[in-house]
>>> print(open('final.cif').read())   # mmCIF, C-alpha atoms
data_target
loop_
_atom_site.label_atom_id
_atom_site.label_comp_id
_atom_site.auth_asym_id
_atom_site.auth_seq_id
_atom_site.Cartn_x
_atom_site.Cartn_y
_atom_site.Cartn_z
CA MET A 1 -7.78 -19.50 4.87
CA SER A 2 -6.06 -19.58 8.23
CA GLU A 3 -3.92 -17.42 10.50
CA ALA A 4 -1.74 -14.62 9.18
CA LEU A 5 1.30 -15.85 7.29
CA ILE A 6 2.64 -12.32 6.91
CA ARG A 7 2.23 -9.17 8.99
CA LEU A 8 3.62 -5.79 8.02
CA ASN A 9 3.31 -3.22 10.79
CA GLN A 10 4.11 0.43 10.00
CA VAL A 11 6.86 -0.56 7.57
CA THR A 12 8.89 2.28 6.10
CA LYS A 13 11.64 2.30 3.50
CA THR A 14 13.91 5.25 2.72
CA TYR A 15 16.55 5.29 0.01
CA GLY A 16 19.43 7.74 0.19
CA SER A 17 19.92 10.42 2.84
CA GLY A 18 19.76 14.15 3.35
CA GLN A 19 18.43 16.17 0.42
CA ALA A 20 18.55 13.05 -1.79
CA ALA A 21 16.43 10.92 0.56
CA PHE A 22 13.37 9.26 -0.99
CA GLN A 23 10.74 7.62 1.19
CA ALA A 24 9.42 4.73 -0.88
CA LEU A 25 7.20 3.36 1.92
CA LYS A 26 5.61 5.68 4.48
CA GLY A 27 4.35 3.31 7.14
CA ILE A 28 2.32 0.48 5.60
CA SER A 29 0.42 -2.15 7.56
CA PHE A 30 -1.41 -5.19 6.24
CA GLU A 31 -1.66 -8.96 6.72
CA ILE A 32 -1.72 -11.89 4.34
CA ALA A 33 -3.36 -15.09 5.55
CA ALA A 34 -2.10 -18.52 4.58
CA GLY A 35 -3.95 -19.59 1.45
CA GLU A 36 -4.70 -16.11 0.09
CA PHE A 37 -4.07 -14.90 -3.45
CA VAL A 38 -3.25 -11.20 -3.20
CA ALA A 39 -2.60 -8.83 -6.11
CA VAL A 40 -0.56 -5.69 -5.42
CA MET A 41 -1.20 -2.81 -7.79
CA GLY A 42 -0.20 0.82 -8.13
CA PRO A 43 1.46 3.29 -10.49
CA SER A 44 5.21 3.48 -10.99
CA GLY A 45 6.86 4.76 -7.81
CA SER A 46 3.93 3.80 -5.59
CA GLY A 47 5.95 1.35 -3.50
CA LYS A 48 4.64 -1.96 -4.81
CA SER A 49 8.02 -3.25 -5.99
CA THR A 50 9.63 -2.14 -2.74
CA VAL A 51 7.08 -4.17 -0.80
CA MET A 52 7.75 -7.19 -3.00
CA ASN A 53 11.49 -6.92 -2.36
CA ILE A 54 10.99 -6.64 1.40
CA LEU A 55 8.57 -9.58 1.50
CA GLY A 56 11.03 -11.61 -0.58
CA CYS A 57 13.91 -10.80 1.80
CA LEU A 58 15.73 -9.09 -1.07
CA ASP A 59 15.66 -5.80 0.84
CA VAL A 60 15.09 -4.73 4.45
CA PRO A 61 12.71 -2.12 5.87
CA SER A 62 14.07 1.11 7.30
CA GLY A 63 11.54 0.90 10.12
CA GLY A 64 8.54 -1.07 11.34
CA GLU A 65 7.97 -4.82 11.61
CA TYR A 66 7.91 -7.62 9.03
CA ILE A 67 6.69 -10.83 10.66
CA PHE A 68 6.76 -14.02 8.59
CA MET A 69 5.46 -17.25 10.14
CA GLY A 70 5.97 -15.65 13.56
CA GLU A 71 9.57 -14.59 12.84
CA HIS A 72 10.61 -10.93 12.98
CA VAL A 73 12.39 -10.73 9.63
CA GLU A 74 13.59 -7.18 10.23
CA ASN A 75 15.88 -8.57 12.96
CA LEU A 76 17.51 -11.24 10.78
CA ASN A 77 20.99 -10.87 9.32
CA ARG A 78 21.78 -11.39 5.63
CA ASP A 79 22.57 -15.11 5.97
CA GLN A 80 19.40 -15.75 7.95
CA ARG A 81 17.30 -13.93 5.35
CA ALA A 82 18.96 -15.98 2.60
CA LEU A 83 18.06 -19.17 4.46
CA LEU A 84 14.45 -18.00 4.82
CA ARG A 85 14.33 -17.28 1.07
CA ARG A 86 15.73 -20.69 0.20
CA ASN A 87 13.42 -22.67 2.48
CA TYR A 88 10.12 -20.80 2.43
CA LEU A 89 9.84 -18.53 -0.62
CA GLY A 90 9.37 -19.09 -4.34
CA PHE A 91 9.84 -16.42 -7.02
CA VAL A 92 8.38 -15.90 -10.49
CA PHE A 93 9.51 -12.88 -12.51
CA GLN A 94 8.45 -11.11 -15.71
CA GLY A 95 11.62 -12.37 -17.38
CA PHE A 96 11.58 -16.15 -17.11
CA ASN A 97 15.23 -16.31 -15.96
CA LEU A 98 15.76 -19.84 -17.26
CA LEU A 99 19.19 -21.27 -17.99
CA ALA A 100 19.33 -21.34 -21.79
CA ARG A 101 21.39 -24.49 -22.33
CA THR A 102 19.65 -26.72 -19.80
CA THR A 103 16.39 -28.62 -20.11
CA ALA A 104 13.13 -27.73 -18.43
CA LEU A 105 13.70 -30.56 -15.96
CA GLU A 106 17.19 -29.31 -15.09
CA ASN A 107 15.93 -25.75 -14.66
CA VAL A 108 13.27 -26.93 -12.24
CA GLU A 109 15.81 -29.04 -10.33
CA LEU A 110 18.08 -26.07 -9.64
CA PRO A 111 16.63 -25.05 -6.23
CA LEU A 112 16.84 -28.67 -5.11
CA LEU A 113 20.47 -28.82 -6.19
CA TYR A 114 21.18 -25.87 -3.89
CA ARG A 115 19.57 -27.85 -1.09
CA GLY A 116 21.89 -30.77 -1.72
CA LEU A 117 19.19 -33.33 -2.57
CA PRO A 118 20.38 -36.55 -4.27
CA LEU A 119 19.87 -36.89 -8.02
CA ALA A 120 16.98 -39.37 -7.94
CA GLU A 121 15.04 -37.25 -5.45
CA ARG A 122 15.67 -34.09 -7.48
CA HIS A 123 14.40 -35.79 -10.64
CA ALA A 124 11.26 -37.07 -8.95
CA GLN A 125 10.32 -33.74 -7.37
CA ALA A 126 11.09 -31.76 -10.53
CA ARG A 127 8.99 -34.13 -12.67
CA ALA A 128 6.11 -33.77 -10.20
CA ALA A 129 6.34 -29.96 -10.42
CA LEU A 130 6.38 -30.07 -14.23
CA GLU A 131 3.34 -32.35 -14.17
CA LEU A 132 1.57 -29.82 -11.95
CA VAL A 133 2.07 -27.08 -14.55
CA GLY A 134 1.17 -29.37 -17.48
CA LEU A 135 4.62 -29.80 -19.01
CA THR A 136 5.39 -33.46 -18.42
CA ASP A 137 6.04 -34.06 -22.13
CA TRP A 138 8.40 -31.08 -22.38
CA ALA A 139 10.79 -32.04 -19.57
CA HIS A 140 13.78 -32.56 -21.88
CA HIS A 141 13.30 -29.48 -24.06
CA THR A 142 15.46 -26.37 -23.67
CA PRO A 143 13.92 -22.88 -23.30
CA ALA A 144 14.60 -22.13 -26.98
CA GLU A 145 12.25 -24.99 -27.87
CA LEU A 146 9.43 -23.66 -25.67
CA SER A 147 6.90 -20.89 -26.19
CA GLY A 148 6.84 -17.89 -23.84
CA GLY A 149 3.89 -19.36 -21.95
CA GLN A 150 5.66 -22.69 -21.59
CA GLN A 151 8.81 -20.98 -20.36
CA GLN A 152 6.82 -19.18 -17.68
CA ARG A 153 5.26 -22.50 -16.68
CA VAL A 154 8.76 -23.91 -16.23
CA ALA A 155 9.63 -20.87 -14.11
CA ILE A 156 6.53 -21.48 -11.98
CA ALA A 157 7.44 -25.17 -11.60
CA ARG A 158 10.90 -24.12 -10.45
CA ALA A 159 9.34 -21.72 -7.94
CA ILE A 160 7.03 -24.32 -6.41
CA VAL A 161 9.29 -27.40 -6.52
CA THR A 162 10.52 -26.64 -2.99
CA LYS A 163 6.91 -26.37 -1.73
CA PRO A 164 7.31 -22.76 -0.54
CA ALA A 165 5.06 -21.17 2.07
CA LEU A 166 4.73 -18.11 -0.18
CA LEU A 167 4.96 -17.66 -3.95
CA LEU A 168 5.98 -14.14 -5.01
CA ALA A 169 5.11 -13.30 -8.62
CA ASP A 170 6.44 -10.03 -10.07
CA GLU A 171 4.55 -9.09 -13.27
CA PRO A 172 4.37 -12.79 -14.26
CA THR A 173 2.43 -12.06 -17.47
CA GLY A 174 4.36 -8.94 -18.50
CA ASN A 175 6.13 -10.67 -21.40
CA LEU A 176 3.14 -12.65 -22.64
CA ASP A 177 0.26 -12.01 -25.02
CA THR A 178 -3.33 -11.97 -23.77
CA GLU A 179 -4.06 -15.66 -24.41
CA ARG A 180 -0.84 -16.86 -22.74
CA SER A 181 -1.41 -14.41 -19.88
CA GLU A 182 -4.84 -15.89 -19.19
CA GLU A 183 -3.33 -19.39 -19.24
CA ILE A 184 -0.70 -18.42 -16.67
CA MET A 185 -3.27 -16.71 -14.45
CA GLY A 186 -5.47 -19.80 -14.66
CA LEU A 187 -2.51 -21.90 -13.55
CA LEU A 188 -1.71 -19.59 -10.63
CA THR A 189 -5.36 -19.63 -9.59
CA GLN A 190 -5.37 -23.43 -9.71
CA LEU A 191 -2.20 -23.63 -7.61
CA ASN A 192 -3.85 -21.36 -5.07
CA THR A 193 -7.32 -22.89 -4.91
CA GLU A 194 -6.50 -26.58 -5.42
CA HIS A 195 -3.07 -26.80 -3.80
CA GLY A 196 -3.34 -24.09 -1.14
CA ILE A 197 -0.27 -22.13 -2.26
CA THR A 198 -0.26 -18.58 -0.87
CA ILE A 199 0.46 -16.12 -3.68
CA LEU A 200 1.36 -12.43 -3.73
CA MET A 201 1.49 -10.99 -7.24
CA VAL A 202 2.61 -7.54 -8.34
CA THR A 203 0.87 -6.45 -11.53
CA HIS A 204 -0.17 -3.27 -13.33
CA GLU A 205 -2.85 -5.10 -15.31
CA ALA A 206 -6.36 -5.00 -13.83
CA PRO A 207 -7.58 -8.08 -15.77
CA MET A 208 -4.73 -10.10 -14.25
CA ALA A 209 -5.37 -8.74 -10.74
CA ALA A 210 -9.03 -9.80 -11.10
CA HIS A 211 -7.90 -13.44 -10.81
CA ALA A 212 -6.76 -12.80 -7.24
CA SER A 213 -9.12 -12.95 -4.28
CA ARG A 214 -7.89 -9.60 -2.97
CA THR A 215 -6.18 -6.48 -4.30
CA VAL A 216 -3.98 -4.13 -2.29
CA HIS A 217 -3.52 -0.86 -4.16
CA PHE A 218 -0.52 1.34 -3.37
CA ILE A 219 -0.24 5.07 -3.99
CA ASP A 220 2.68 7.29 -2.98
CA GLY A 221 4.15 4.79 -0.52
CA VAL A 222 0.94 4.03 1.39
CA VAL A 223 -1.95 1.58 1.00
CA GLY A 224 -4.66 3.41 -0.92
CA HIS A 225 -7.28 0.68 -0.65
CA ASP A 226 -7.46 -3.01 0.17
CA THR A 227 -10.28 -4.88 -1.53
CA ALA A 228 -11.46 -8.48 -1.22
CA TYR A 229 -13.55 -9.59 -4.19
CA MET A 230 -17.10 -10.77 -3.77
CA GLY A 231 -17.23 -14.54 -3.54
CA ALA A 232 -13.64 -14.85 -2.30
CA ASP A 233 -13.15 -17.06 0.72
#
>>> encode(input="final.cif", output="structure tokens")
Amino acid sequence: MSEALIRLNQVTKTYGSGQAAFQALKGISFEIAAGEFVAVMGPSGSGKSTVMNILGCLDVPSGGEYIFMGEHVENLNRDQRALLRRNYLGFVFQGFNLLARTTALENVELPLLYRGLPLAERHAQARAALELVGLTDWAHHTPAELSGGQQQRVAIARAIVTKPALLLADEPTGNLDTERSEEIMGLLTQLNTEHGITILMVTHEAPMAAHASRTVHFIDGVVGHDTAYMGAD
């Protein structure tokens, strides 16, 4: 691992105002180094999803600092945050969010289409991403022809095809059975350890979090504990 990719410094987030105000984050501070695999856990309402949204530039903090690759994200406008998302972040969600009538290859190509890459280059990069997740032979199948685990692999390929600096995974095994969940976690671990992809994963499942090298546990809008597992780099 290397220098900090992400720094959160006394980040707060308040929704609403007056009597209806709810403080989702109460001043959290932690760092994520390039190359880490971090699991974020906590009960409903603990702030873990709020942190994910802020890190993914889908929401902004009410106070404090969010520094990503040296850039103060809290000072960026909406268009600048969108550009950061497009160029540096990849997302995997509990729902696979695949386009139903397009093939696996076309789904993976989508972020590259937004970047304006020519067709041949899109095809080559999408095929390489599918190969990385073990779906080379399924490139021309639609989501309806794929199992849940395969669909999530396509979603992961789509998330990494742009070679993001950070992969954000929100309950990536939430819609899968135990066997498929372990397969997906094995894939994420491989992407982290063998390809150096930095991963932050929100999960409520301790067996899934155990695949990460570190767990940050939230409770009532603050960091309850931050644990690196024995043997983690």
>>> resolve_selection(input="final.cif", expression="the PyMOL selection byres ((chain A and resi 105) around 9)", output="PyMOL selection string")
chain A and resi 102-104+106-110+123+126-127+130+138-142+154+158
>>> residues_around(input="final.cif", residues="Leu191 (chain A)", least_positions_apart="3", cutoff="12 Å", atoms="all atoms listed in the file", output="PDB file with C-alpha atoms, in the coordinates of the input")
ATOM      1  CA  GLY A  35      -3.950 -19.590   1.450  1.00  0.00           C
ATOM      2  CA  GLU A  36      -4.700 -16.110   0.090  1.00  0.00           C
ATOM      3  CA  PHE A  37      -4.070 -14.900  -3.450  1.00  0.00           C
ATOM      4  CA  ALA A 129       6.340 -29.960 -10.420  1.00  0.00           C
ATOM      5  CA  LEU A 132       1.570 -29.820 -11.950  1.00  0.00           C
ATOM      6  CA  VAL A 133       2.070 -27.080 -14.550  1.00  0.00           C
ATOM      7  CA  GLY A 134       1.170 -29.370 -17.480  1.00  0.00           C
ATOM      8  CA  ARG A 153       5.260 -22.500 -16.680  1.00  0.00           C
ATOM      9  CA  ILE A 156       6.530 -21.480 -11.980  1.00  0.00           C
ATOM     10  CA  ALA A 157       7.440 -25.170 -11.600  1.00  0.00           C
ATOM     11  CA  ALA A 159       9.340 -21.720  -7.940  1.00  0.00           C
ATOM     12  CA  ILE A 160       7.030 -24.320  -6.410  1.00  0.00           C
ATOM     13  CA  LYS A 163       6.910 -26.370  -1.730  1.00  0.00           C
ATOM     14  CA  PRO A 164       7.310 -22.760  -0.540  1.00  0.00           C
ATOM     15  CA  LEU A 166       4.730 -18.110  -0.180  1.00  0.00           C
ATOM     16  CA  LEU A 167       4.960 -17.660  -3.950  1.00  0.00           C
ATOM     17  CA  ILE A 184      -0.700 -18.420 -16.670  1.00  0.00           C
ATOM     18  CA  MET A 185      -3.270 -16.710 -14.450  1.00  0.00           C
ATOM     19  CA  GLY A 186      -5.470 -19.800 -14.660  1.00  0.00           C
ATOM     20  CA  LEU A 187      -2.510 -21.900 -13.550  1.00  0.00           C
ATOM     21  CA  LEU A 188      -1.710 -19.590 -10.630  1.00  0.00           C
ATOM     22  CA  GLU A 194      -6.500 -26.580  -5.420  1.00  0.00           C
ATOM     23  CA  HIS A 195      -3.070 -26.800  -3.800  1.00  0.00           C
ATOM     24  CA  GLY A 196      -3.340 -24.090  -1.140  1.00  0.00           C
ATOM     25  CA  ILE A 197      -0.270 -22.130  -2.260  1.00  0.00           C
ATOM     26  CA  THR A 198      -0.260 -18.580  -0.870  1.00  0.00           C
ATOM     27  CA  ILE A 199       0.460 -16.120  -3.680  1.00  0.00           C
ATOM     28  CA  ALA A 212      -6.760 -12.800  -7.240  1.00  0.00           C
TER      29      ALA A 212
END
>>> closest_residue(input="final.cif", among="A:Ser213, A:Phe218, A:Gly148, A:Thr189", to="Gly45 (chain A)", atoms="all atoms listed in the file")
A:Phe218
>>> resolve_selection(input="final.cif", expression="the PyMOL selection byres ((chain A and resi 65-77) around 12)", output="PyMOL selection string")
chain A and resi 2-13+27-34+51+53-64+78-85+88-89+165-166
>>> resolve_selection(input="final.cif", expression="the PyMOL selection byres ((chain A and resi 225) around 12)", output="compact mmCIF listing (two decimals) with C-alpha atoms, in the coordinates of the input")
# COMPACT_ATOMS: atom_id res chain seq x y z
CA ILE A 28 2.32 0.48 5.60
CA SER A 29 0.42 -2.15 7.56
CA PHE A 30 -1.41 -5.19 6.24
CA ALA A 39 -2.60 -8.83 -6.11
CA VAL A 40 -0.56 -5.69 -5.42
CA MET A 41 -1.20 -2.81 -7.79
CA GLY A 42 -0.20 0.82 -8.13
CA ARG A 214 -7.89 -9.60 -2.97
CA THR A 215 -6.18 -6.48 -4.30
CA VAL A 216 -3.98 -4.13 -2.29
CA HIS A 217 -3.52 -0.86 -4.16
CA PHE A 218 -0.52 1.34 -3.37
CA ILE A 219 -0.24 5.07 -3.99
CA VAL A 222 0.94 4.03 1.39
CA VAL A 223 -1.95 1.58 1.00
CA GLY A 224 -4.66 3.41 -0.92
CA ASP A 226 -7.46 -3.01 0.17
CA THR A 227 -10.28 -4.88 -1.53
CA ALA A 228 -11.46 -8.48 -1.22
>>> atom_distance(input="final.cif", atom1="CA of Val92 (chain A)", atom2="CA of Ala124 (chain A)")
21.4 Å
>>> atom_distance(input="final.cif", atom1="CA of Ala144 (chain A)", atom2="CA of Glu182 (chain A)")
21.9 Å
>>> residues_around(input="final.cif", residues="Ser181 (chain A)", least_positions_apart="2", cutoff="10 Å", atoms="all atoms listed in the file", output="ChimeraX atom specification")
/A:148-149,152,172-179,183-187,207-208
>>> write_last_selection(input="final.cif", atoms="C-alpha atoms", output="PDB file, in the frame of the given file")
ATOM      1  CA  GLY A 148       6.840 -17.890 -23.840  1.00  0.00           C
ATOM      2  CA  GLY A 149       3.890 -19.360 -21.950  1.00  0.00           C
ATOM      3  CA  GLN A 152       6.820 -19.180 -17.680  1.00  0.00           C
ATOM      4  CA  PRO A 172       4.370 -12.790 -14.260  1.00  0.00           C
ATOM      5  CA  THR A 173       2.430 -12.060 -17.470  1.00  0.00           C
ATOM      6  CA  GLY A 174       4.360  -8.940 -18.500  1.00  0.00           C
ATOM      7  CA  ASN A 175       6.130 -10.670 -21.400  1.00  0.00           C
ATOM      8  CA  LEU A 176       3.140 -12.650 -22.640  1.00  0.00           C
ATOM      9  CA  ASP A 177       0.260 -12.010 -25.020  1.00  0.00           C
ATOM     10  CA  THR A 178      -3.330 -11.970 -23.770  1.00  0.00           C
ATOM     11  CA  GLU A 179      -4.060 -15.660 -24.410  1.00  0.00           C
ATOM     12  CA  GLU A 183      -3.330 -19.390 -19.240  1.00  0.00           C
ATOM     13  CA  ILE A 184      -0.700 -18.420 -16.670  1.00  0.00           C
ATOM     14  CA  MET A 185      -3.270 -16.710 -14.450  1.00  0.00           C
ATOM     15  CA  GLY A 186      -5.470 -19.800 -14.660  1.00  0.00           C
ATOM     16  CA  LEU A 187      -2.510 -21.900 -13.550  1.00  0.00           C
ATOM     17  CA  PRO A 207      -7.580  -8.080 -15.770  1.00  0.00           C
ATOM     18  CA  MET A 208      -4.730 -10.100 -14.250  1.00  0.00           C
TER      19      MET A 208
END
>>> atom_distance(input="final.cif", atom1="CA of Phe96 (chain A)", atom2="CA of Pro143 (chain A)")
9.4 Å
>>> closest_residue(input="final.cif", among="A:Lys48, A:Leu113, A:Leu168, A:Thr162", to="Ala128 (chain A)", atoms="all atoms listed in the file")
A:Thr162
